[in-house]
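Structure below is upload.cif: mmCIF, C-alpha atoms and all ligand atoms.
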data_coords
loop_
_atom_site.label_atom_id
_atom_site.label_comp_id
_atom_site.auth_asym_id
_atom_site.auth_seq_id
_atom_site.Cartn_x
_atom_site.Cartn_y
_atom_site.Cartn_z
CA MET A 1 131.87 110.21 125.67
CA PRO A 2 129.20 112.68 124.41
CA VAL A 3 126.99 111.43 121.62
CA SER A 4 127.80 113.25 118.38
CA LYS A 5 125.42 116.16 117.81
CA ALA A 6 125.50 115.72 114.05
CA TRP A 7 124.29 112.14 114.31
CA ARG A 8 121.50 113.02 116.73
CA GLU A 9 120.32 115.78 114.41
CA ARG A 10 120.43 113.50 111.41
CA LEU A 11 118.26 110.87 113.08
CA THR A 12 115.76 113.26 114.66
CA ASN A 13 115.31 115.02 111.31
CA ALA A 14 114.59 111.74 109.57
CA ARG A 15 112.14 110.78 112.31
CA ASP A 16 110.33 114.13 112.22
CA THR A 17 110.01 114.12 108.45
CA ARG A 18 108.54 110.65 108.44
CA GLN A 19 106.16 111.34 111.32
CA CYS A 20 104.91 114.58 109.73
CA ALA A 21 104.10 112.67 106.54
CA GLN A 22 102.12 110.10 108.56
CA GLN A 23 104.53 107.47 107.34
CA TRP A 24 105.95 106.39 110.66
CA ARG A 25 105.84 102.61 111.00
CA ALA A 26 105.31 100.87 114.30
CA ARG A 27 105.46 97.19 115.04
CA ARG A 28 102.73 95.53 116.97
CA ILE A 29 103.11 92.18 118.69
CA LYS A 30 100.92 89.74 116.81
CA GLN A 31 97.98 88.64 118.94
CA PRO A 32 97.08 84.97 118.54
CA GLY A 33 93.32 85.59 118.43
CA GLN A 34 93.39 88.15 115.60
CA LEU A 35 92.06 87.22 112.18
CA ASP A 36 95.03 87.47 109.85
CA PHE A 37 94.34 89.15 106.50
CA ALA A 38 97.82 90.68 106.35
CA GLY A 39 100.21 87.76 105.95
CA ASN A 40 101.46 85.77 102.97
CA ASP A 41 100.79 82.27 104.29
CA TYR A 42 98.42 81.72 101.36
CA LEU A 43 97.84 78.02 101.88
CA GLY A 44 97.93 77.96 105.68
CA LEU A 45 101.02 75.73 105.63
CA ALA A 46 102.91 77.66 108.34
CA LYS A 47 100.50 76.12 110.86
CA ASP A 48 100.05 72.75 109.19
CA PRO A 49 100.88 70.12 111.84
CA ARG A 50 102.74 67.97 109.28
CA VAL A 51 105.00 70.87 108.34
CA GLN A 52 105.56 71.78 111.98
CA ALA A 53 106.40 68.18 112.87
CA ALA A 54 108.86 68.00 109.96
CA GLN A 55 110.65 71.07 111.29
CA VAL A 56 111.07 69.45 114.71
CA GLU A 57 112.24 66.21 113.14
CA GLY A 58 114.74 68.03 110.91
CA ALA A 59 116.18 69.88 113.89
CA ARG A 60 116.51 66.61 115.82
CA ARG A 61 118.22 64.82 112.99
CA PHE A 62 120.55 67.51 111.67
CA GLY A 63 120.74 70.15 114.44
CA ALA A 64 119.00 73.42 115.22
CA GLY A 65 121.39 75.23 112.89
CA ALA A 66 123.49 74.19 109.90
CA GLY A 67 126.66 75.24 111.69
CA ALA A 68 128.47 76.69 108.67
CA SER A 69 128.01 78.16 105.22
CA HIS A 70 127.25 75.89 102.26
CA LEU A 71 130.78 76.13 100.87
CA VAL A 72 132.47 75.31 104.18
CA ASN A 73 130.60 72.31 105.59
CA GLY A 74 127.03 73.50 106.18
CA HIS A 75 125.60 71.96 102.99
CA LEU A 76 123.56 69.05 104.36
CA ALA A 77 121.78 66.17 102.65
CA VAL A 78 118.41 67.80 103.32
CA HIS A 79 119.50 71.01 101.52
CA GLU A 80 120.56 68.95 98.53
CA ALA A 81 117.26 67.02 98.55
CA LEU A 82 115.26 70.26 98.76
CA GLU A 83 117.20 71.81 95.88
CA GLU A 84 116.50 68.76 93.73
CA ALA A 85 112.80 68.83 94.61
CA LEU A 86 112.54 72.56 93.84
CA ALA A 87 114.30 72.10 90.48
CA ALA A 88 111.94 69.26 89.54
CA TRP A 89 108.87 71.25 90.63
CA THR A 90 109.79 74.28 88.55
CA GLY A 91 111.07 72.25 85.59
CA ARG A 92 114.65 73.48 85.84
CA GLU A 93 118.00 71.71 85.69
CA ARG A 94 119.14 72.97 89.08
CA ALA A 95 118.06 75.09 92.04
CA LEU A 96 120.09 76.87 94.70
CA LEU A 97 118.88 77.67 98.22
CA PHE A 98 119.30 81.11 99.77
CA SER A 99 118.51 82.17 103.33
CA THR A 100 115.89 84.76 102.29
CA GLY A 101 114.30 86.14 99.13
CA TYR A 102 115.93 89.46 99.81
CA MET A 103 119.34 87.79 99.81
CA ALA A 104 118.55 85.74 96.71
CA ASN A 105 117.74 88.86 94.72
CA LEU A 106 120.79 90.75 95.97
CA GLY A 107 122.99 87.72 95.24
CA VAL A 108 121.72 87.06 91.71
CA LEU A 109 121.95 90.66 90.54
CA GLN A 110 125.30 91.32 92.19
CA ALA A 111 126.76 88.09 90.76
CA LEU A 112 125.44 88.56 87.23
CA ALA A 113 125.46 92.28 86.56
CA GLY A 114 128.11 94.98 86.65
CA THR A 115 128.95 98.39 85.24
CA ASP A 116 129.00 96.88 81.72
CA THR A 117 125.44 95.49 81.87
CA ALA A 118 121.97 97.02 81.70
CA ILE A 119 119.05 96.02 83.91
CA PHE A 120 115.43 96.80 82.99
CA HIS A 121 112.98 96.85 85.88
CA ASP A 122 109.24 97.00 86.00
CA ARG A 123 108.46 100.18 87.93
CA LEU A 124 106.65 98.20 90.63
CA ASN A 125 109.36 95.60 91.22
CA HIS A 126 110.04 94.51 94.79
CA ALA A 127 112.55 96.62 96.76
CA SER A 128 115.03 93.73 96.97
CA LEU A 129 115.35 93.71 93.17
CA LEU A 130 116.06 97.43 93.07
CA ASP A 131 118.58 97.07 95.90
CA GLY A 132 120.29 94.21 94.07
CA SER A 133 120.61 96.40 91.00
CA ALA A 134 122.16 99.21 93.02
CA LEU A 135 124.61 96.77 94.60
CA SER A 136 125.65 95.39 91.20
CA GLY A 137 126.59 98.81 89.85
CA ALA A 138 124.72 98.06 86.60
CA ARG A 139 122.91 100.72 84.59
CA SER A 140 119.28 100.42 85.69
CA ARG A 141 116.19 101.59 83.87
CA ARG A 142 112.59 101.31 85.04
CA TYR A 143 109.82 100.76 82.52
CA HIS A 144 106.18 101.66 83.14
CA HIS A 145 104.30 98.97 84.99
CA ASN A 146 103.57 95.98 82.74
CA ASP A 147 104.20 98.19 79.68
CA ILE A 148 105.94 96.07 77.06
CA ASP A 149 106.17 98.96 74.57
CA ASP A 150 108.01 101.07 77.09
CA LEU A 151 110.37 98.17 77.85
CA THR A 152 110.97 97.66 74.13
CA ARG A 153 111.77 101.35 73.68
CA LEU A 154 114.29 101.31 76.52
CA MET A 155 115.97 98.15 75.26
CA THR A 156 116.19 99.44 71.71
CA ARG A 157 118.06 102.50 72.97
CA SER A 158 120.55 100.47 74.99
CA GLY A 159 123.92 99.61 73.48
CA CYS A 160 124.75 97.05 76.17
CA ALA A 161 125.55 93.52 75.00
CA CYS A 162 124.36 91.99 78.28
CA LYS A 163 120.80 93.00 79.07
CA LEU A 164 118.67 91.68 81.89
CA VAL A 165 114.92 92.17 82.19
CA VAL A 166 113.60 91.79 85.74
CA SER A 167 110.01 91.53 86.93
CA ASP A 168 107.91 90.27 89.79
CA GLY A 169 105.62 87.41 88.69
CA ILE A 170 102.71 88.61 90.82
CA PHE A 171 103.23 92.17 92.02
CA SER A 172 103.40 92.21 95.79
CA MET A 173 101.42 95.40 96.45
CA ASP A 174 98.94 95.30 93.56
CA GLY A 175 98.36 91.60 93.10
CA ASP A 176 98.35 91.79 89.32
CA VAL A 177 100.34 89.39 87.16
CA ALA A 178 103.23 90.07 84.78
CA ASP A 179 102.74 89.14 81.12
CA ILE A 180 105.41 86.42 81.10
CA ALA A 181 104.78 85.50 77.45
CA ALA A 182 105.33 89.07 76.26
CA LEU A 183 108.35 89.62 78.51
CA ALA A 184 109.92 86.38 77.25
CA ARG A 185 109.26 87.37 73.63
CA VAL A 186 110.79 90.87 73.77
CA SER A 187 113.68 89.64 75.89
CA GLN A 188 114.56 87.09 73.22
CA GLN A 189 114.18 89.67 70.48
CA HIS A 190 116.75 91.86 72.25
CA ASN A 191 119.05 89.03 73.33
CA ALA A 192 118.27 89.81 76.94
CA TRP A 193 117.96 87.39 79.82
CA LEU A 194 114.70 87.41 81.76
CA MET A 195 114.53 87.08 85.55
CA ILE A 196 111.18 86.52 87.24
CA ASP A 197 110.73 86.82 91.00
CA ASP A 198 107.73 84.60 91.63
CA ALA A 199 107.53 85.11 95.40
CA HIS A 200 103.72 85.39 95.37
CA GLY A 201 102.95 83.00 92.52
CA LEU A 202 104.63 79.84 93.81
CA GLY A 203 102.25 77.47 95.55
CA VAL A 204 99.30 79.64 94.57
CA THR A 205 98.97 79.39 90.81
CA GLY A 206 100.10 77.21 87.89
CA ALA A 207 100.24 73.43 87.41
CA ASN A 208 100.90 71.74 90.79
CA GLY A 209 101.20 75.21 92.28
CA SER A 210 104.47 75.73 90.39
CA GLY A 211 103.74 79.45 89.94
CA CYS A 212 103.48 81.96 87.11
CA VAL A 213 106.55 80.50 85.38
CA GLY A 214 106.95 76.86 86.46
CA PRO A 215 107.81 74.21 83.87
CA HIS A 216 105.42 75.91 81.44
CA TRP A 217 108.09 78.48 80.60
CA GLY A 218 111.48 76.79 80.29
CA SER A 219 114.99 78.10 80.87
CA GLN A 220 115.04 79.29 77.26
CA GLN A 221 112.22 81.73 77.95
CA VAL A 222 112.88 82.50 81.62
CA PRO A 223 116.54 81.74 82.36
CA ILE A 224 116.38 83.01 85.95
CA LEU A 225 113.54 82.07 88.28
CA VAL A 226 113.50 83.22 91.90
CA GLY A 227 111.08 81.77 94.41
CA THR A 228 110.62 82.40 98.10
CA LEU A 229 109.67 79.83 100.73
CA GLY A 230 108.27 82.16 103.40
CA LYS A 231 105.00 82.82 101.61
CA ALA A 232 102.77 80.04 100.24
CA LEU A 233 105.20 77.34 101.39
CA GLY A 234 104.85 78.62 104.92
CA THR A 235 108.51 78.31 106.01
CA ALA A 236 111.44 80.63 105.24
CA GLY A 237 114.21 81.07 102.70
CA ALA A 238 114.32 81.24 98.93
CA PHE A 239 115.80 79.63 95.85
CA VAL A 240 117.04 80.45 92.39
CA ALA A 241 116.28 77.94 89.63
CA GLY A 242 117.94 77.71 86.24
CA ASP A 243 120.50 75.78 84.25
CA SER A 244 123.86 74.57 85.53
CA LEU A 245 125.83 77.42 84.02
CA LEU A 246 123.76 79.92 86.04
CA ILE A 247 123.71 77.95 89.29
CA ASP A 248 127.45 77.22 89.24
CA HIS A 249 128.10 80.91 88.64
CA LEU A 250 125.97 81.85 91.66
CA ILE A 251 127.73 79.31 93.91
CA GLN A 252 131.02 80.95 92.96
CA PHE A 253 130.08 84.62 92.89
CA ALA A 254 126.85 85.42 94.76
CA ARG A 255 128.18 86.97 97.94
CA SER A 256 124.91 86.63 99.85
CA TYR A 257 125.15 82.90 99.15
CA VAL A 258 128.82 82.41 99.96
CA TYR A 259 129.19 84.52 103.09
CA THR A 260 126.29 83.34 105.18
CA THR A 261 125.30 80.36 107.28
CA ALA A 262 123.20 77.75 105.48
CA GLN A 263 119.46 77.60 106.19
CA PRO A 264 118.61 75.77 109.44
CA PRO A 265 118.04 72.11 108.48
CA GLY A 266 114.68 72.00 110.28
CA VAL A 267 113.46 74.73 107.92
CA ALA A 268 114.67 72.76 104.89
CA THR A 269 112.96 69.59 106.18
CA ALA A 270 109.72 71.50 106.81
CA THR A 271 109.91 73.02 103.32
CA LEU A 272 110.26 69.58 101.73
CA GLU A 273 107.10 68.52 103.55
CA ALA A 274 105.28 71.71 102.52
CA LEU A 275 106.33 71.14 98.91
CA THR A 276 104.95 67.59 99.00
CA ILE A 277 101.62 68.92 100.31
CA VAL A 278 101.46 71.64 97.65
CA GLN A 279 101.97 69.06 94.90
CA ARG A 280 99.66 66.37 96.29
CA GLU A 281 96.77 68.43 97.66
CA PRO A 282 95.32 70.85 95.10
CA GLU A 283 92.31 71.39 97.40
CA HIS A 284 94.09 74.17 99.31
CA ARG A 285 94.64 76.12 96.11
CA GLU A 286 91.06 75.48 94.99
CA ARG A 287 89.69 76.70 98.32
CA LEU A 288 91.82 79.84 98.02
CA GLU A 289 90.43 80.43 94.50
CA ARG A 290 86.88 80.24 95.85
CA HIS A 291 87.77 82.71 98.63
CA ILE A 292 89.17 85.16 96.08
CA ASP A 293 86.02 84.97 93.92
CA TYR A 294 83.74 85.36 96.93
CA PHE A 295 85.68 88.29 98.42
CA ARG A 296 85.71 90.14 95.09
CA LYS A 297 82.04 89.59 94.41
CA GLU A 298 81.00 90.81 97.86
CA ALA A 299 83.47 93.71 97.99
CA LEU A 300 82.16 95.00 94.65
CA ARG A 301 78.61 94.71 95.90
CA LEU A 302 79.58 96.84 98.94
CA ASN A 303 81.24 99.41 96.71
CA LEU A 304 84.64 98.97 98.32
CA PRO A 305 87.53 100.49 96.31
CA LEU A 306 88.64 97.16 94.88
CA GLY A 307 91.38 96.81 92.24
CA LYS A 308 91.61 94.38 89.33
CA SER A 309 93.68 91.69 91.01
CA ARG A 310 92.62 88.04 90.62
CA THR A 311 95.22 86.78 93.11
CA PRO A 312 95.16 86.42 96.92
CA ILE A 313 96.51 90.00 97.14
CA GLN A 314 93.45 92.28 97.08
CA PRO A 315 94.41 95.92 97.67
CA LEU A 316 91.76 98.48 98.61
CA CYS A 317 93.02 101.85 97.46
CA LEU A 318 92.16 104.51 100.08
CA LYS A 319 94.58 107.16 98.79
CA SER A 320 94.96 109.29 101.92
CA GLU A 321 97.31 108.11 104.66
CA SER A 322 95.09 109.37 107.47
CA ARG A 323 92.01 107.57 106.13
CA LEU A 324 94.04 104.41 105.72
CA LEU A 325 95.27 104.54 109.31
CA LEU A 326 91.75 105.08 110.64
CA TRP A 327 90.45 102.06 108.72
CA ALA A 328 93.37 99.89 109.81
CA GLU A 329 92.91 100.93 113.43
CA ARG A 330 89.21 100.16 113.34
CA LEU A 331 89.82 96.76 111.77
CA HIS A 332 92.42 96.01 114.41
CA HIS A 333 90.00 96.79 117.20
CA ALA A 334 87.46 94.53 115.55
CA GLY A 335 90.04 91.72 115.80
CA ILE A 336 91.26 91.84 112.19
CA ASP A 337 94.80 92.48 110.95
CA VAL A 338 95.14 93.99 107.47
CA GLY A 339 98.33 95.50 106.06
CA ALA A 340 98.30 99.31 105.87
CA ILE A 341 100.67 100.10 103.02
CA ARG A 342 101.95 103.65 102.66
CA PRO A 343 104.73 105.47 100.82
CA PRO A 344 107.59 104.84 100.32
CA THR A 345 106.45 101.24 99.77
CA VAL A 346 103.87 102.51 97.26
CA PRO A 347 103.78 105.82 95.33
CA LYS A 348 102.32 108.95 96.92
CA CYS A 349 98.51 109.05 97.03
CA GLU A 350 98.33 105.29 96.52
CA SER A 351 98.08 104.26 100.16
CA ARG A 352 96.11 101.09 100.48
CA LEU A 353 94.80 98.35 102.67
CA ARG A 354 96.49 95.21 101.46
CA VAL A 355 94.02 92.42 102.11
CA THR A 356 95.53 88.96 101.63
CA LEU A 357 93.42 85.84 101.51
CA SER A 358 94.46 82.37 102.61
CA ALA A 359 93.11 78.85 102.29
CA SER A 360 93.22 78.79 106.10
CA HIS A 361 90.37 81.32 106.26
CA SER A 362 86.78 80.21 106.60
CA ARG A 363 83.86 81.75 104.75
CA SER A 364 82.72 83.36 108.00
CA ASP A 365 86.19 84.92 108.54
CA ILE A 366 85.76 86.62 105.17
CA ASP A 367 82.23 87.69 106.04
CA GLN A 368 83.53 89.25 109.24
CA LEU A 369 86.17 91.13 107.28
CA LEU A 370 83.63 92.37 104.72
CA GLU A 371 81.24 93.50 107.42
CA THR A 372 83.92 95.52 109.21
CA LEU A 373 85.13 97.02 105.93
CA ASN A 374 81.58 98.06 105.20
CA THR A 375 81.36 99.79 108.60
CA CYS A 376 84.61 101.63 107.84
CA ARG A 377 83.27 102.76 104.48
CA ARG A 378 80.12 104.16 106.07
CA GLU A 379 81.71 105.75 109.14
CA VAL A 380 85.13 106.87 107.84
CA PRO A 381 84.32 107.85 104.25
C1 LIG A 401 108.61 88.85 100.00
C2 LIG A 401 109.32 89.13 98.72
C3 LIG A 401 110.71 89.03 98.64
C4 LIG A 401 111.57 88.80 99.84
O1 LIG A 401 111.52 87.49 100.29
P1 LIG A 401 111.94 87.16 101.79
O2 LIG A 401 112.17 85.70 101.79
O3 LIG A 401 110.81 87.59 102.66
O4 LIG A 401 113.19 87.94 102.08
C5 LIG A 401 111.31 89.18 97.40
N1 LIG A 401 110.57 89.47 96.31
C6 LIG A 401 109.22 89.62 96.37
C7 LIG A 401 108.47 89.94 95.12
C8 LIG A 401 108.57 89.47 97.57
O5 LIG A 401 107.26 89.64 97.64
#
Could I get this file's structure written as structure tokens?
Ligand SMILES: *Cc1c(COP(=O)(O)O)cnc(C)c1O
Amino acid sequence: MPVSKAWRERLTNARDTRQCAQQWRARRIKQPGQLDFAGNDYLGLAKDPRVQAAQVEGARRFGAGAGASHLVNGHLAVHEALEEALAAWTGRERALLFSTGYMANLGVLQALAGTDTAIFHDRLNHASLLDGSALSGARSRRYHHNDIDDLTRLMTRSGCACKLVVSDGIFSMDGDVADIAALARVSQQHNAWLMIDDAHGLGVTGANGSGCVGPHWGSQQVPILVGTLGKALGTAGAFVAGDSLLIDHLIQFARSYVYTTAQPPGVATATLEALTIVQREPEHRERLERHIDYFRKEALRLNLPLGKSRTPIQPLCLKSESRLLLWAERLHHAGIDVGAIRPPTVPKCESRLRVTLSASHSRSDIDQLLETLNTCRREVP
């Protein structure tokens, strides 16, 4: 059967447009020897032997896969134990495991919101939050980044009884932090619920690494807390934490929870181990803090285009896509992986190198990065 001409045209047009804009993305097989300044394994737990051993042990005990969805018979004792530990860590009544952060955000927004609700997004929110909004059919508005006055103006104009304010805790491409106190205050003033996606804060910041929200802000202030497990915790999956009314609702109505196989039990076992390490060993967080301070101090001294971020996400704004690709290529050849972030992930003219720091780095790894960045700055201005 001949392949439809219309489909071929559609796909080649999309490809050509993206290639012309220098936005074509290619995967590269990760080389074991490369220095990794691109990932989100902020504490180095993905390679911690204790976490790895726990994963093996969990697979041995419970199976390589869960075998079914949570509501059929895939909800295992280790899932329950992990949910309880995550709830205690974040100071919430309950927590609910999802297979990925993307699915958690789709599930929460689809289950809570509808055509009769209004969702207010920070302009720089993660794509999964925007996609969840679209799926829910709710009326969505985007306020200027971290701009509480703009949010207030939008909420004042809205006649919706059910309002939901949604923000990243630490913004994934800029590394800056949401003003949780201000968001909680204006949300309460407008009878809105507040949802924080703390994918990059958990494990990294807050008391016991409990993130930007943690037990410090309770369910009154932040009724919906989303966390992911594939970043600082070094494994995979995600959770939503909140009170029983919320969690029971999600178990009933979040389609990305109901219609999918439960997380592999080895992953849940490994996550429990990672969580224990995060709570018991503050030294990894402290080491990461020192790396952030050192990198910023040296990058400023070298006149690199550093932003304001105080978190492990340290973007270097290079603006032009072609300059960005040249820098990234040069770094790669020097044995260093750094994320090259282009539109549509970030706005036009805001292409950047997204440097991420980890407790697993050594001081000399960071020196090597700085030295290569300095060469790029001199030779590819
Ligand atoms: C990474 C990320 C997600 C997605 O989490 P996954 O578990 O990788 O699907 C969601 N929200 C934010 C803010 C993220 O950075």
Exercise for review: Write as a list in words the residues around ligand LIG 401 (chain A), taking 7 Å as the cut-off and counting all atoms listed in the file.
Suggested key: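 The residues near ligand LIG 401 (chain A) are Thr100, Gly101, Tyr102, Met103, Asn105, Asn125, His126, Ser128, Asp168, Phe171, Ser172, Asp197, Asp198, Ala199, His200, Thr228, Leu229, Gly230, Ala236, Gly237 and Ala238 of chain A.
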Review point. Smallest atom-to-atom distance to Ala53 (chain A): which of A:Cys20, A:Met195, A:Ala274, A:Val186, using only C-alpha atoms?
Key: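 The closest residue to Ala53 (chain A) is A:Ala274.
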Review point. Any idea what the distance is between CA of Ala54 (chain A) and CA of Gly74 (chain A)?
Key: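 Between CA of Ala54 (chain A) and CA of Gly74 (chain A) the gap is 19.4 Å.
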I'd like a table as a tab-separated table: residues in region 97-183 of chain A with an atom no more than 10 Å from region 249-271 of chain A, each row giving the shortest atom pair and its distance in Å to one decimal, all atoms listed in the file counted, sorted by chain and rising residue number.
residue	atom	partner	partner_atom	distance
A:Leu97	CA	A:Gln263	CA	8.0
A:Phe98	CA	A:Tyr257	CA	6.1
A:Ser99	CA	A:Gln263	CA	5.5
A:Thr100	CA	A:Gln263	CA	8.9
A:Tyr102	CA	A:Ser256	CA	9.4
A:Met103	CA	A:Ser256	CA	5.7
A:Ala104	CA	A:Ser256	CA	7.1
A:Asn105	CA	A:Ser256	CA	9.1
A:Leu106	CA	A:Ser256	CA	7.0
A:Gly107	CA	A:Ala254	CA	4.5
A:Val108	CA	A:Ala254	CA	6.2
A:Leu109	CA	A:Ala254	CA	8.3
A:Gln110	CA	A:Ala254	CA	6.6
A:Ala111	CA	A:Ala254	CA	4.8
A:Leu112	CA	A:Leu250	CA	8.1
**Study point:** Nearest residue to Gln34 (chain A) from the set A:Thr345, A:Asn73, A:Thr156, A:Gln368 (distances using all atoms listed in the file)
**Key:**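 Smallest separation from Gln34 (chain A) among the options: A:Gln368.
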**Study point:** Distance criterion (all atoms listed in the file): nearest to His333 (chain A) out of A:Cys376, A:Ala21, A:Leu288, A:Leu357
**Key:** A:Cys376
Check your understanding: Near region 347-356 of chain A, counting all atoms listed in the file, which residues have an atom at most 6 Å away, once you skip same-chain residues fewer than 5 positions from it, shown as a PyMOL selection string?
Key -> chain A and resi 37-38+312-319+321+338-342
Point to revise | Proximity to His79 (chain A) - best of A:Ala14, A:Leu233, A:Val165, A:Leu272, all atoms listed in the file | key: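 That would be A:Leu272, the residue with the smallest distance to His79 (chain A).
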Review point. If we count all atoms listed in the file, what is near Ala241 (chain A) at a cut-off of 9 Å, once residues fewer than 5 positions away on the same chain are taken out, given as a list in words?
Key: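 Residues meeting the cut-off are Glu83, Leu86, Ala87, Thr90, Gly91, Arg92, Glu93, Arg94, Ala95, Leu96, Leu97, Ser219, Pro223, Ile224, Leu225, Val226, Gly227, Leu246 and Ile247 of chain A.
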Revision key, fill the gap. Expressed in Å, the length from CA of Asp36 (chain A) to CA of Ile336 (chain A) is 6.2 Å
Review point. Using only C-alpha atoms, which of A:Leu130, A:Leu76, A:Leu135, A:Ala192 sits nearest Ser158 (chain A)?
Key: A:Ala192
Which residues, written as a PDB file with C-alpha atoms, keeping the file's coordinate frame, have at least one atom at most 8 Å from Trp327 (chain A), with all atoms listed in the file counted and residues fewer than 3 positions away on the same chain left out?
ATOM      1  CA  ARG A 323      92.010 107.570 106.130  1.00  0.00           C
ATOM      2  CA  LEU A 324      94.040 104.410 105.720  1.00  0.00           C
ATOM      3  CA  ARG A 330      89.210 100.160 113.340  1.00  0.00           C
ATOM      4  CA  LEU A 331      89.820  96.760 111.770  1.00  0.00           C
ATOM      5  CA  LEU A 373      85.130  97.020 105.930  1.00  0.00           C
ATOM      6  CA  CYS A 376      84.610 101.630 107.840  1.00  0.00           C
ATOM      7  CA  VAL A 380      85.130 106.870 107.840  1.00  0.00           C
TER       8      VAL A 380
END
Point to revise | Interatomic distance, CA of Glu273 (chain A) to CA of Ala66 (chain A) (Å, one decimal) | key: 18.5 Å
**Study point:** Residues within 6 Å of Gly44 (chain A), all atoms listed in the file, excluding chain neighbours under 2 positions, as a count of residues only
**Key:** 5
Practice item. Rank nothing, just name the residue among A:Gly67, A:Gly218, A:Gly209, A:Gly132 nearest to Ala184 (chain A), using only C-alpha atoms. Key: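 For Ala184 (chain A), the nearest of the candidates is A:Gly218.
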Practice item. Scan for residues within 12 Å of the point (104.2, 78.5, 79.0) in the coordinates of the file, using only C-alpha atoms, and reply as a ChimeraX atom specification. Key: /A:90-91,179-185,206-207,210-222
Practice item. Could you give me, as a PyMOL selection string, the residues within 8 Å of Arg142 (chain A), counting only C-alpha atoms and dropping anything in the same chain fewer than 4 positions from it? Key: chain A and resi 120-123
My structure is short of atoms at region 96-112 of chain A; please model N, CA and C atoms there, returning them as a compact mmCIF listing (two decimals), keeping the file's coordinate frame.
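To be explicit, this is the file written out as result_2.txt:
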# COMPACT_ATOMS: atom_id res chain seq x y z
N LEU A 96 119.12 76.52 93.67
CA LEU A 96 120.09 76.87 94.70
C LEU A 96 119.36 77.60 95.83
N LEU A 97 119.56 77.09 97.06
CA LEU A 97 118.88 77.67 98.22
C LEU A 97 119.58 78.93 98.72
N PHE A 98 118.79 79.91 99.09
CA PHE A 98 119.30 81.11 99.77
C PHE A 98 118.57 81.25 101.10
N SER A 99 119.12 82.05 102.01
CA SER A 99 118.51 82.17 103.33
C SER A 99 117.22 82.98 103.32
N THR A 100 117.12 83.98 102.43
CA THR A 100 115.89 84.76 102.29
C THR A 100 115.74 85.19 100.82
N GLY A 101 114.54 85.62 100.47
CA GLY A 101 114.30 86.14 99.13
C GLY A 101 115.08 87.42 98.89
N TYR A 102 115.17 88.21 99.93
CA TYR A 102 115.93 89.46 99.81
C TYR A 102 117.37 89.14 99.42
N MET A 103 117.94 88.16 100.10
CA MET A 103 119.34 87.79 99.81
C MET A 103 119.49 87.13 98.45
N ALA A 104 118.49 86.37 98.03
CA ALA A 104 118.55 85.74 96.71
C ALA A 104 118.62 86.82 95.62
N ASN A 105 117.76 87.82 95.74
CA ASN A 105 117.74 88.86 94.72
C ASN A 105 119.02 89.70 94.73
N LEU A 106 119.52 90.03 95.91
CA LEU A 106 120.79 90.75 95.97
C LEU A 106 121.89 89.89 95.34
N GLY A 107 121.91 88.62 95.69
CA GLY A 107 122.99 87.72 95.24
C GLY A 107 122.98 87.54 93.73
N VAL A 108 121.80 87.29 93.16
CA VAL A 108 121.72 87.06 91.71
C VAL A 108 122.17 88.30 90.95
N LEU A 109 121.64 89.45 91.33
CA LEU A 109 121.95 90.66 90.54
C LEU A 109 123.41 91.07 90.72
N GLN A 110 123.89 90.98 91.95
CA GLN A 110 125.30 91.32 92.19
C GLN A 110 126.22 90.37 91.44
N ALA A 111 125.87 89.06 91.41
CA ALA A 111 126.76 88.09 90.76
C ALA A 111 126.72 88.19 89.24
N LEU A 112 125.57 88.57 88.69
CA LEU A 112 125.44 88.56 87.23
C LEU A 112 125.81 89.90 86.60
